[in-house]
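Chemist: So that you have it, the file is run22.txt, and it contains compact mmCIF, C-alpha atoms:
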```txt
# COMPACT_ATOMS: atom_id res chain seq x y z
CA LYS A 1 -38.57 21.76 26.27
CA ILE A 2 -35.96 23.06 23.87
CA ASP A 3 -36.53 20.33 21.31
CA PHE A 4 -40.28 21.05 21.31
CA VAL A 5 -39.57 24.75 20.70
CA LEU A 6 -37.24 23.80 17.87
CA MET A 7 -39.92 21.60 16.32
CA LYS A 8 -42.55 24.32 16.65
CA ASN A 9 -40.34 27.02 15.12
CA ASN A 10 -38.82 24.84 12.40
CA LYS A 11 -41.70 22.91 10.89
CA SER A 12 -39.72 22.56 7.69
CA ILE A 13 -37.32 20.07 9.37
CA ILE A 14 -38.10 16.52 8.31
CA PHE A 15 -36.66 13.24 9.55
CA GLN A 16 -36.22 10.20 7.33
CA PHE A 17 -34.02 7.16 6.92
CA CYS A 18 -31.06 7.12 4.59
CA THR A 19 -31.64 5.62 1.14
CA TYR A 20 -28.91 4.12 -1.02
CA ASP A 21 -28.85 7.31 -3.10
CA GLU A 22 -28.18 9.50 -0.05
CA ILE A 23 -25.14 7.79 1.41
CA ASP A 24 -22.70 10.00 -0.52
CA SER A 25 -24.35 13.06 1.06
CA VAL A 26 -23.89 11.48 4.50
CA LYS A 27 -20.18 10.85 3.83
CA LYS A 28 -19.67 14.43 2.64
CA ALA A 29 -21.49 15.83 5.69
CA ILE A 30 -19.30 13.82 8.07
CA ALA A 31 -16.20 15.08 6.26
CA LYS A 32 -17.43 18.68 6.56
CA TRP A 33 -18.84 18.62 10.09
CA VAL A 34 -16.36 16.29 11.79
CA ASN A 35 -13.15 15.55 9.92
CA LYS A 36 -12.37 15.14 6.24
CA ARG A 37 -10.29 12.07 7.17
CA HIS A 38 -13.05 10.43 9.27
CA ILE A 39 -13.21 6.81 8.16
CA LEU A 40 -16.97 6.93 7.56
CA SER A 41 -16.38 9.72 5.06
CA THR A 42 -13.49 8.06 3.24
CA ASN A 43 -13.97 4.29 3.38
CA SER A 44 -17.00 2.77 1.66
CA SER A 45 -16.21 -0.75 2.86
CA ILE A 46 -16.52 0.28 6.51
CA ILE A 47 -19.69 2.31 6.11
CA ASN A 48 -21.23 -0.58 4.14
CA PHE A 49 -20.09 -3.13 6.72
CA GLN A 50 -21.58 -1.17 9.63
CA HIS A 51 -24.66 0.37 8.06
CA LYS A 52 -25.80 -1.14 4.75
CA LEU A 53 -29.20 -2.81 5.10
CA ASP A 54 -31.46 -4.45 2.53
CA ASP A 55 -33.50 -1.25 2.16
CA GLY A 56 -30.97 1.55 2.66
CA TYR A 57 -28.45 2.58 5.30
CA SER A 58 -28.95 2.60 9.06
CA PHE A 59 -28.90 6.37 9.53
CA ILE A 60 -31.76 8.66 10.38
CA LEU A 61 -31.34 12.05 8.70
CA ALA A 62 -32.57 15.52 9.57
CA LYS A 63 -33.21 17.78 6.58
CA LYS A 64 -34.27 21.37 6.16
CA GLN A 65 -35.29 22.59 2.71
CA ASN A 66 -33.85 19.37 1.32
CA THR A 67 -30.44 20.10 2.88
CA LEU A 68 -28.89 17.59 5.26
CA ILE A 69 -28.46 19.15 8.72
CA GLY A 70 -28.15 16.16 11.07
CA ILE A 71 -27.22 12.47 11.16
CA LEU A 72 -27.70 9.70 13.70
CA GLY A 73 -26.43 6.20 12.92
CA TYR A 74 -27.51 2.94 14.46
CA ILE A 75 -26.19 -0.61 14.12
CA PRO A 76 -28.84 -3.33 14.51
CA THR A 77 -27.72 -6.77 15.63
CA HIS A 78 -29.55 -8.33 12.68
CA LEU A 79 -27.05 -6.63 10.35
CA TYR A 80 -24.79 -9.62 11.06
CA ASP A 81 -27.47 -12.31 11.48
CA LEU A 82 -30.88 -11.92 9.84
CA SER A 83 -32.39 -14.42 12.27
CA LEU A 84 -32.07 -11.71 14.95
CA LYS A 85 -34.40 -9.40 13.04
CA ASN A 86 -37.49 -10.65 14.87
CA GLU A 87 -36.47 -8.70 17.98
CA LEU A 88 -35.04 -5.30 17.04
CA GLN A 89 -31.95 -4.36 19.06
CA TYR A 90 -29.40 -1.73 18.09
CA ALA A 91 -26.53 0.50 19.16
CA THR A 92 -26.69 4.20 18.40
CA VAL A 93 -23.49 5.64 16.87
CA SER A 94 -22.21 8.58 14.80
CA TRP A 95 -24.41 11.40 16.13
CA PHE A 96 -23.56 14.59 14.19
CA VAL A 97 -25.29 17.89 13.38
CA ASP A 98 -24.31 20.99 11.42
CA LEU A 99 -23.23 23.27 14.27
CA ASP A 100 -23.00 26.29 11.97
CA LEU A 101 -26.81 26.40 11.82
CA ASN A 102 -27.05 26.95 15.60
CA LEU A 103 -30.14 24.82 16.14
CA PRO A 104 -30.01 23.74 19.80
CA GLY A 105 -32.05 20.62 20.44
CA LEU A 106 -31.59 19.19 16.94
CA GLY A 107 -29.52 16.29 18.23
CA MET A 108 -32.22 15.36 20.75
CA LEU A 109 -34.86 15.55 18.04
CA LEU A 110 -32.87 13.14 15.91
CA PHE A 111 -32.64 10.77 18.84
CA ARG A 112 -36.35 11.00 19.69
CA ASN A 113 -37.30 10.36 16.06
CA LEU A 114 -35.10 7.29 15.85
CA LEU A 115 -36.55 5.87 19.06
CA SER A 116 -40.12 6.47 17.88
CA LYS A 117 -39.64 5.22 14.31
CA LYS A 118 -37.46 2.21 15.22
CA LYS A 119 -39.01 0.85 18.41
CA ALA A 120 -36.21 -1.42 19.58
CA LYS A 121 -36.80 -3.84 22.40
CA PHE A 122 -33.29 -2.99 23.59
CA CYS A 123 -30.93 -0.20 22.53
CA PHE A 124 -27.63 1.06 23.85
CA ALA A 125 -24.62 3.29 23.26
CA LEU A 126 -20.96 3.18 24.27
CA SER A 127 -18.43 5.96 24.85
CA ILE A 128 -20.77 8.93 24.72
CA SER A 129 -19.97 12.55 25.50
CA GLU A 130 -20.84 14.20 28.82
CA ARG A 131 -23.63 16.17 27.17
CA ALA A 132 -25.01 13.06 25.47
CA PHE A 133 -24.78 11.26 28.81
CA LEU A 134 -27.38 13.66 30.21
CA MET A 135 -29.58 13.29 27.12
CA HIS A 136 -29.59 9.52 27.45
CA GLU A 137 -30.46 9.78 31.12
CA ALA A 138 -33.35 12.13 30.30
CA LEU A 139 -34.68 9.53 27.83
CA GLY A 140 -34.76 6.80 30.46
CA TYR A 141 -31.44 5.11 29.74
CA LYS A 142 -29.45 3.47 32.50
CA ILE A 143 -25.95 4.92 32.43
CA GLY A 144 -22.63 3.86 33.92
CA TRP A 145 -19.00 2.98 33.32
CA MET A 146 -17.51 -0.15 31.81
CA GLN A 147 -14.82 -2.08 33.68
CA GLN A 148 -11.46 -2.97 32.16
CA VAL A 149 -9.78 -6.22 33.19
CA TYR A 150 -6.59 -7.70 31.81
CA LEU A 151 -4.15 -10.59 31.78
CA ALA A 152 -0.40 -10.06 31.47
CA ASN A 153 2.24 -12.26 29.86
CA HIS A 154 4.25 -13.67 32.77
CA SER A 155 7.19 -14.53 30.48
CA ILE A 156 7.93 -10.89 29.60
CA LYS A 157 10.49 -9.19 31.82
CA LYS A 158 10.22 -5.61 30.54
CA PHE A 159 6.94 -4.21 29.29
CA LYS A 160 6.74 -1.53 26.59
CA LEU A 161 2.97 -1.01 26.70
CA LEU A 162 1.78 -1.85 30.21
CA GLN A 163 2.89 0.46 33.02
CA ASN A 164 2.94 0.10 36.82
CA ILE A 165 1.42 -3.36 36.88
CA PRO A 166 1.54 -5.66 39.92
CA SER A 167 3.75 -8.73 39.91
CA ILE A 168 2.50 -11.27 37.39
CA LYS A 169 2.24 -14.95 38.11
CA LYS A 170 1.69 -17.88 35.81
CA LEU A 171 -1.90 -19.09 35.95
CA VAL A 172 -2.54 -22.83 36.19
CA SER A 173 -5.69 -24.30 34.72
CA ILE A 174 -7.79 -26.45 37.01
CA SER A 175 -10.86 -26.54 34.74
CA ASN A 176 -11.78 -28.75 31.81
CA TYR A 177 -12.41 -25.81 29.47
CA ARG A 178 -10.10 -25.46 26.46
CA LEU A 179 -9.62 -22.93 23.66
CA LYS A 180 -9.77 -23.81 19.97
CA LEU A 181 -9.20 -21.41 17.08
CA LEU A 182 -12.12 -21.26 14.65
CA ASP A 183 -11.58 -20.16 11.07
CA LEU A 184 -13.85 -19.86 8.05
CA GLU A 185 -13.12 -23.41 6.97
CA ASN A 186 -14.21 -25.09 10.20
CA PHE A 187 -16.49 -22.45 11.71
CA ASP A 188 -19.88 -23.69 10.51
CA GLU A 189 -19.16 -27.31 11.38
CA LEU A 190 -17.84 -26.56 14.89
CA THR A 191 -20.62 -24.10 15.76
CA LYS A 192 -23.62 -25.89 14.22
CA ASP A 193 -24.94 -27.03 17.62
CA PHE A 194 -24.10 -23.86 19.53
CA ILE A 195 -27.07 -22.22 21.23
CA ALA A 196 -26.53 -18.74 22.64
CA PRO A 197 -28.25 -17.72 25.89
CA LYS A 198 -31.72 -16.27 25.34
CA ASP A 199 -31.79 -14.25 28.57
CA ILE A 200 -28.87 -11.94 27.68
CA VAL A 201 -28.88 -8.79 25.54
CA PRO A 202 -27.70 -7.69 23.09
CA THR A 203 -28.59 -11.03 21.54
CA LYS A 204 -25.80 -12.66 19.52
CA SER A 205 -25.20 -15.97 17.76
CA ALA A 206 -22.50 -17.98 16.01
CA VAL A 207 -23.61 -16.48 12.68
CA TYR A 208 -23.32 -13.02 14.22
CA PHE A 209 -19.73 -13.75 15.29
CA LYS A 210 -18.82 -15.14 11.88
CA ASN A 211 -20.12 -12.13 9.97
CA ARG A 212 -19.14 -9.46 12.50
CA PHE A 213 -15.56 -10.65 12.97
CA LEU A 214 -14.35 -13.17 10.41
CA MET A 215 -15.86 -11.17 7.52
CA HIS A 216 -14.54 -7.78 8.61
CA PRO A 217 -13.20 -5.82 5.60
CA ILE A 218 -10.13 -4.36 7.38
CA TYR A 219 -9.40 -5.84 10.80
CA GLN A 220 -8.04 -9.37 11.17
CA TYR A 221 -9.99 -10.82 14.07
CA LYS A 222 -9.57 -14.29 15.49
CA VAL A 223 -12.53 -16.17 16.93
CA TYR A 224 -11.92 -18.90 19.48
CA GLY A 225 -14.33 -21.45 20.80
CA ILE A 226 -14.28 -22.39 24.48
CA PHE A 227 -14.95 -26.12 24.63
CA ARG A 228 -15.73 -28.48 27.48
CA LYS A 229 -14.63 -31.81 26.09
CA ARG A 230 -16.21 -31.76 22.61
CA ASP A 231 -19.06 -29.39 23.45
CA LEU A 232 -18.78 -25.75 22.39
CA GLN A 233 -19.71 -23.55 25.35
CA SER A 234 -18.79 -20.05 24.20
CA LEU A 235 -17.20 -17.86 21.56
CA ILE A 236 -14.71 -15.02 22.02
CA ALA A 237 -13.37 -12.54 19.47
CA THR A 238 -9.84 -11.16 19.73
CA ARG A 239 -7.65 -8.77 17.78
CA LEU A 240 -3.89 -8.13 17.85
CA VAL A 241 -2.63 -4.54 18.02
CA LYS A 242 0.94 -3.21 17.82
CA ALA A 243 2.85 -0.19 19.15
CA ASN A 244 6.37 0.63 20.39
CA GLY A 245 7.70 -2.62 18.97
CA ALA A 246 5.30 -4.65 21.12
CA LYS A 247 1.92 -6.35 20.76
CA ALA A 248 -1.27 -6.61 22.78
CA MET A 249 -4.44 -8.62 22.36
CA ARG A 250 -7.90 -7.18 22.73
CA LEU A 251 -10.70 -9.51 23.81
CA VAL A 252 -13.53 -7.52 22.27
CA ASP A 253 -16.60 -9.74 22.41
CA PHE A 254 -18.05 -12.84 24.01
CA VAL A 255 -21.19 -14.97 23.80
CA GLY A 256 -22.06 -18.14 25.66
CA ASP A 257 -21.70 -19.73 29.07
CA LEU A 258 -20.26 -17.24 31.54
CA GLU A 259 -18.59 -19.91 33.67
CA SER A 260 -16.41 -20.83 30.70
CA LEU A 261 -15.14 -17.26 30.41
CA TYR A 262 -14.38 -17.05 34.13
CA SER A 263 -12.38 -20.29 33.87
CA ILE A 264 -10.35 -19.76 30.70
CA ALA A 265 -7.79 -17.16 31.88
CA PRO A 266 -4.88 -19.67 32.11
CA ASP A 267 -5.40 -20.69 28.46
CA LEU A 268 -5.63 -17.05 27.43
CA GLN A 269 -2.36 -16.35 29.22
CA GLU A 270 -0.76 -19.19 27.26
CA LEU A 271 -2.15 -17.62 24.10
CA LEU A 272 -0.29 -14.41 24.98
CA ILE A 273 2.97 -16.36 25.05
CA ILE A 274 2.21 -17.96 21.68
CA GLU A 275 1.43 -14.56 20.14
CA ASN A 276 4.29 -12.84 21.99
CA ALA A 277 1.82 -10.23 23.24
CA GLU A 278 2.26 -8.24 26.44
CA TYR A 279 -1.32 -8.40 27.63
CA MET A 280 -4.93 -9.11 26.82
CA ASP A 281 -7.60 -6.70 28.01
CA LEU A 282 -11.37 -6.83 28.15
CA TYR A 283 -13.83 -3.95 28.54
CA HIS A 284 -17.19 -5.10 29.88
CA SER A 285 -20.34 -4.21 31.71
CA GLY A 286 -22.28 -6.97 33.40
CA LEU A 287 -19.71 -9.65 34.17
CA ASN A 288 -19.17 -10.85 37.74
CA PRO A 289 -16.02 -9.06 39.04
CA THR A 290 -15.47 -11.63 41.80
CA ALA A 291 -15.60 -14.52 39.33
CA LEU A 292 -13.22 -12.71 36.96
CA LYS A 293 -10.75 -12.12 39.79
CA SER A 294 -11.00 -15.71 40.99
CA GLY A 295 -10.29 -16.87 37.46
CA GLY A 296 -7.08 -14.83 37.27
CA PHE A 297 -8.12 -11.58 35.59
CA LEU A 298 -6.71 -8.35 37.03
CA SER A 299 -8.84 -5.23 37.31
CA ARG A 300 -7.70 -1.79 36.21
CA SER A 301 -9.61 0.68 38.37
CA GLN A 302 -10.22 4.35 37.58
CA THR A 303 -8.04 5.33 40.55
CA SER A 304 -5.16 2.95 39.81
CA ASN A 305 -1.77 4.14 38.52
CA THR A 306 -1.57 0.99 36.39
CA VAL A 307 -1.77 1.87 32.69
CA VAL A 308 -3.50 -0.54 30.30
CA PRO A 309 -3.59 1.35 26.97
CA ASN A 310 -6.73 1.43 24.87
CA TYR A 311 -5.88 3.72 21.93
CA PHE A 312 -3.60 2.29 19.23
CA GLU A 313 -4.62 4.38 16.18
CA PRO A 314 -2.54 6.35 17.06
CA PHE A 315 -1.07 4.81 20.22
CA GLU A 316 -1.54 6.60 23.54
CA ALA A 317 0.11 5.33 26.72
CA SER A 318 -2.87 6.21 28.87
CA ASN A 319 -5.98 4.69 30.38
CA VAL A 320 -9.39 5.26 28.83
CA ASP A 321 -12.63 4.93 30.74
CA LEU A 322 -15.58 3.97 28.54
CA ASN A 323 -19.13 4.73 29.58
CA PHE A 324 -22.36 3.07 28.50
CA ALA A 325 -26.07 3.73 28.33
CA TYR A 326 -28.88 1.28 27.64
CA ARG A 327 -32.66 1.21 27.55
CA PHE A 328 -35.37 -1.45 27.43
CA ARG A 329 -38.59 -0.47 25.66
CA LYS A 330 -40.55 -2.29 28.35
CA SER A 331 -39.47 -1.47 31.88
CA GLU A 332 -40.44 -4.94 33.10
CA ASP A 333 -37.89 -6.63 30.79
CA LYS A 334 -35.47 -8.44 33.10
CA LYS A 335 -32.91 -9.77 30.65
CA LYS A 336 -29.28 -9.54 31.70
CA VAL A 337 -27.23 -6.87 29.92
CA LEU A 338 -23.68 -7.79 28.84
CA LEU A 339 -21.78 -5.13 26.92
CA PHE A 340 -18.32 -5.45 25.38
CA LYS A 341 -16.01 -3.18 23.42
CA ALA A 342 -17.02 -4.49 19.99
CA ASP A 343 -20.69 -3.71 20.63
CA GLY A 344 -21.64 -0.67 18.60
CA ASP A 345 -18.68 0.89 16.80
CA GLN A 346 -16.02 1.17 19.49
CA ASP A 347 -13.81 -1.46 17.87
CA ARG A 348 -13.52 -0.08 14.36
CA PRO A 349 -10.64 1.44 12.41
CA ASN A 350 -10.02 5.13 12.95
```
Can the structure in the file be given as structure tokens, please?
Modeler:
Amino acid sequence: KIDFVLMKNNKSIIFQFCTYDEIDSVKKAIAKWVNKRHILSTNSSIINFQHKLDDGYSFILAKKQNTLIGILGYIPTHLYDLSLKNELQYATVSWFVDLDLNLPGLGMLLFRNLLSKKKAKFCFALSISERAFLMHEALGYKIGWMQQVYLANHSIKKFKLLQNIPSIKKLVSISNYRLKLLDLENFDELTKDFIAPKDIVPTKSAVYFKNRFLMHPIYQYKVYGIFRKRDLQSLIATRLVKANGAKAMRLVDFVGDLESLYSIAPDLQELLIIENAEYMDLYHSGLNPTALKSGGFLSRSQTSNTVVPNYFEPFEASNVDLNFAYRFRKSEDKKKVLLFKADGDQDRPN
């Protein structure tokens, strides 16, 4: 195998985790290898928010003769809730090598070292390149494509962001689920009795949602609770985006009772009217498409001429298909996998 040959012929390559003292070298390498304006090379608040742990930064580094030649980042779920540390789960992100050195197989070696040194019970990646797709498959990952569903604002007559959408009707709620905005002042009190499902990965919690979204250093997320009477059933995270003089809402994460999500579309459509947003979209893998459709969500297929934009920094009036890959350390693990856009680093500033 090419990575074995690389290891045999380059015994001076060492792999180690990033210390606090080395993060400036990581930022400089990203600027040199990728883009000098890459946010991980220019914005300390983001790199700290996504990668700063209590013993260093969540990057594994490849070095040769004490020179940095490769980087692979990972984001553990316990970064946003220490109670999740008992069961290591993480997303792999920011996979870069110095291409000028012409060391084929270095990227795979980085990956193999991370997997062997950080034995996660569950790990995953979103929006990976075609070449990386094959690498993940070779390492036993399940790979596939996320689905994008959306809701449109029925009160808007002329859309500036959405294109070629079917006729939109007003949804009428027939369930007893209701949305409530949660902010920092009421969050702990309203979520104190919330228990997230234990049979779904990646594992999340109310604390995770608070720290991942309400404490974000740049983006202004809103977290809503889905209640049935007075009982909190689920949490969703949303973010407003703007382009062409119009707004859209991204539903980027969810945790809780799936039935509540399938039933809340009418309330979400009302939220679009309140926010004067054209649409709300949701990228996912693992939700029930029939239940989503029955609840009022529309599906944007890969073959459809409907355009539900994904890129807003800068804006692109085009569809984007996001892939995924995930892996359980034990093949007999039967937990349900639910992936959303904010898992990993897909919903971060660019």
Chemist: Near region 202-213 of chain A, within 6 Å and counting all atoms listed in the file, which residues show up once chain neighbours fewer than 3 positions away are dropped, as a PDB file with C-alpha atoms, in the coordinates of the input?
Modeler:
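Ended up saving to result.pdb:
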```pdb
ATOM      1  CA  TYR A  80     -24.790  -9.620  11.060  1.00  0.00           C
ATOM      2  CA  ASP A  81     -27.470 -12.310  11.480  1.00  0.00           C
ATOM      3  CA  ALA A 196     -26.530 -18.740  22.640  1.00  0.00           C
ATOM      4  CA  HIS A 216     -14.540  -7.780   8.610  1.00  0.00           C
ATOM      5  CA  TYR A 221      -9.990 -10.820  14.070  1.00  0.00           C
TER       6      TYR A 221
END
```
Chemist: List the neighbours of Asp193 (chain A) out to 9 Å using all atoms listed in the file; skip same-chain residues closer than 2 positions along the sequence, and give me the result as JSON, numbers by chain.
Modeler: {"A": [189, 190, 191, 195, 231, 232]}
Chemist: Next, the residues of the selection above should be written as a PDB file, in the frame of the given file with C-alpha atoms.
Modeler:
```
ATOM      1  CA  GLU A 189     -19.160 -27.310  11.380  1.00  0.00           C
ATOM      2  CA  LEU A 190     -17.840 -26.560  14.890  1.00  0.00           C
ATOM      3  CA  THR A 191     -20.620 -24.100  15.760  1.00  0.00           C
ATOM      4  CA  ILE A 195     -27.070 -22.220  21.230  1.00  0.00           C
ATOM      5  CA  ASP A 231     -19.060 -29.390  23.450  1.00  0.00           C
ATOM      6  CA  LEU A 232     -18.780 -25.750  22.390  1.00  0.00           C
TER       7      LEU A 232
END
```
Chemist: For Lys119 (chain A), which of A:Phe312, A:Tyr90, A:Tyr219, A:Phe324 is the closest residue, counting all atoms listed in the file?
Modeler: A:Tyr90
Chemist: Contacts of Val320 (chain A) at 10 Å or less, counting all atoms listed in the file, minus same-chain residues fewer than 4 places along, as a count of residues only?
Modeler: 9
Chemist: Rank nothing, just name the residue among A:Leu109, A:Ala265, A:Ala325, A:Val26 nearest to Leu282 (chain A), using only C-alpha atoms.
Modeler: A:Ala265
